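Asks: First, the structure itself, so that you have it in front of you.
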Amino acid sequence: TRTRTRTRTRTRTPTPTPTLAPTLTLTREPEPDPAPGPGRAMPGATTLLGRRYGVDDEEAQAAQLRSLLWCTYRSGFPPFHPYDVTSDAGWGCMLRSAQMLMGTALLRHALGPDWRAPESIDDAAADAALKAVAAQFIDLPGRRHLFSIHNMVNLGMQYDKLPGEWYGPSTVSYVLRDLAKVGAQELGLHLAVMVVQGGALYRDAVERVATAEPNPNPNPKPNLNPKPSPNPNPKP
């Protein structure tokens, strides 16, 4: 009997210890901000009436803001005869916005786009041109204050708007146009407002409106003293 013995020896190769490869970190320099241009805003910039102010122009921006007329809600003014409404709080926002729009246009026309209001109230009160423009928006009826909220509401009644009712941008634009006609026809003001429908503005149409002679017999004639509505006390 033969006995065969076979012995096998296995040698295990040790697993190599992983080594950490060096890490390469790439750092990109931040790209410079693109230069501001049409349709491209400058970071931190503010544009006000076509003039752009950077973050370092705070004083110049404040001077322009100070030079804008601010028309806002008021209470306690004379009622809109014959209606017992003595405040436009809560419903007069579009009328006040229209006043500021017209006031800005008049100031820029009378004093130029670079005019800045004095910081002192006394100095501002002594500015004849500023006083003449601001007087047009005092909350009193009558032609001395052409764009007062009383005159705007009176003309708004011709568009079925009673005191206390909200105005839309179209209606208030027609009211401004009609008040400009009153100023041109009755007060001799060289003033015209063009209301554009459809979003297209044509230079020749603007020139026609701006250079047209006032119509002495407009139809219908803007009326600052309309007949009262059957409802004398509308709800705000």
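The way I read the labels, and the way they are meant: chains A, B, ... in the order of the structure tokens, residue 1 as the first residue of every chain, and ligand 1 as the first ligand shown, with later ones counted on from there.
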Do you have, as CSV, the list of residues of segment 66-106 of chain A lying at most 12 Å from segment 188-209 of chain A, each with its nearest atom pair and that distance in Å to one decimal, counting only C-alpha atoms and ordered by chain then number?

Replies:
residue,atom,partner,partner_atom,distance
A:Leu101,CA,A:Val193,CA,11.7
A:Met102,CA,A:Val193,CA,9.5
A:Ala105,CA,A:Val193,CA,10.7
A:Leu106,CA,A:Leu191,CA,9.4

Asks: Env of Leu69 of chain A: 9 Å cut, atoms = only C-alpha atoms, seq-sep filter 5 positions within chain, self excluded. Answer as a PyMOL selection string.

Replies: chain A and resi 99-101+103-104+107+134

Asks: Give me, please, the distance in Å between atom CA of Ala132 of chain A and atom CA of Gly168 of chain A, quoted to one decimal.

Replies: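 We find that atom CA of Ala132 of chain A and atom CA of Gly168 of chain A lie 28.0 Å from each other.
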
Asks: In terms of the shortest atom-to-atom distance over only C-alpha atoms, which of A:Leu179, A:Val55, A:Leu187, A:Leu68 is closest to Pro118 of chain A?

Replies: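 Closest to Pro118 of chain A of all the choices is A:Leu68.
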
Asks: Given the choices A:Gly164, A:Phe77, A:Lys181, A:Leu95, which gets closest to Leu140 of chain A if the distance is worked out from only C-alpha atoms?

Replies: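 Residue with the minimum atom-to-atom distance to Leu140 of chain A: A:Phe77.
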
Asks: Could you check which of A:Val175, A:Ala89, A:Val153, A:Ala45 is closest to Ser75 of chain A, using only C-alpha atoms?

Replies: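 Comparing A:Val175, A:Ala89, A:Val153, A:Ala45 against Ser75 of chain A, the winner is A:Ala89.
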
Asks: Quick one: DSSP alpha helix (DSSP H) residues in segment 58-147 of chain A, as a PyMOL selection string?

Replies: chain A and resi 58-66+93-111+121-125+128-134

Asks: Show which residues sit within 10 Å of Met94 of chain A, as a PyMOL selection string. Count only C-alpha atoms, and ignore same-chain residues fewer than 3 positions away.

Replies: chain A and resi 72+91+97-100+166-169+171-173

Asks: Segment 49-228 of chain A: which residues are strand (DSSP E or B) by DSSP, as a PyMOL selection string?

Replies: chain A and resi 51-53+75+87

Asks: Save out the residues we just selected, C-alpha atoms, as an mmCIF file, in the first residue's frame.

Replies:
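Result saved to out_0.cif:
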data_model
loop_
_atom_site.group_PDB
_atom_site.id
_atom_site.type_symbol
_atom_site.label_atom_id
_atom_site.label_comp_id
_atom_site.auth_asym_id
_atom_site.auth_seq_id
_atom_site.Cartn_x
_atom_site.Cartn_y
_atom_site.Cartn_z
ATOM 1 C CA ARG A 51 -30.517 108.420 -14.436
ATOM 2 C CA ARG A 52 -28.456 105.560 -12.999
ATOM 3 C CA TYR A 53 -26.961 105.767 -9.520
ATOM 4 C CA SER A 75 -58.299 113.858 4.858
ATOM 5 C CA SER A 87 -60.818 112.049 2.310
#

Asks: Just the number, please: distance in Å from atom CA of Ala117 of chain A to atom CA of Ser67 of chain A, one decimal.

Replies: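 Computing the Euclidean distance for atom CA of Ala117 of chain A and atom CA of Ser67 of chain A yields 4.7 Å.
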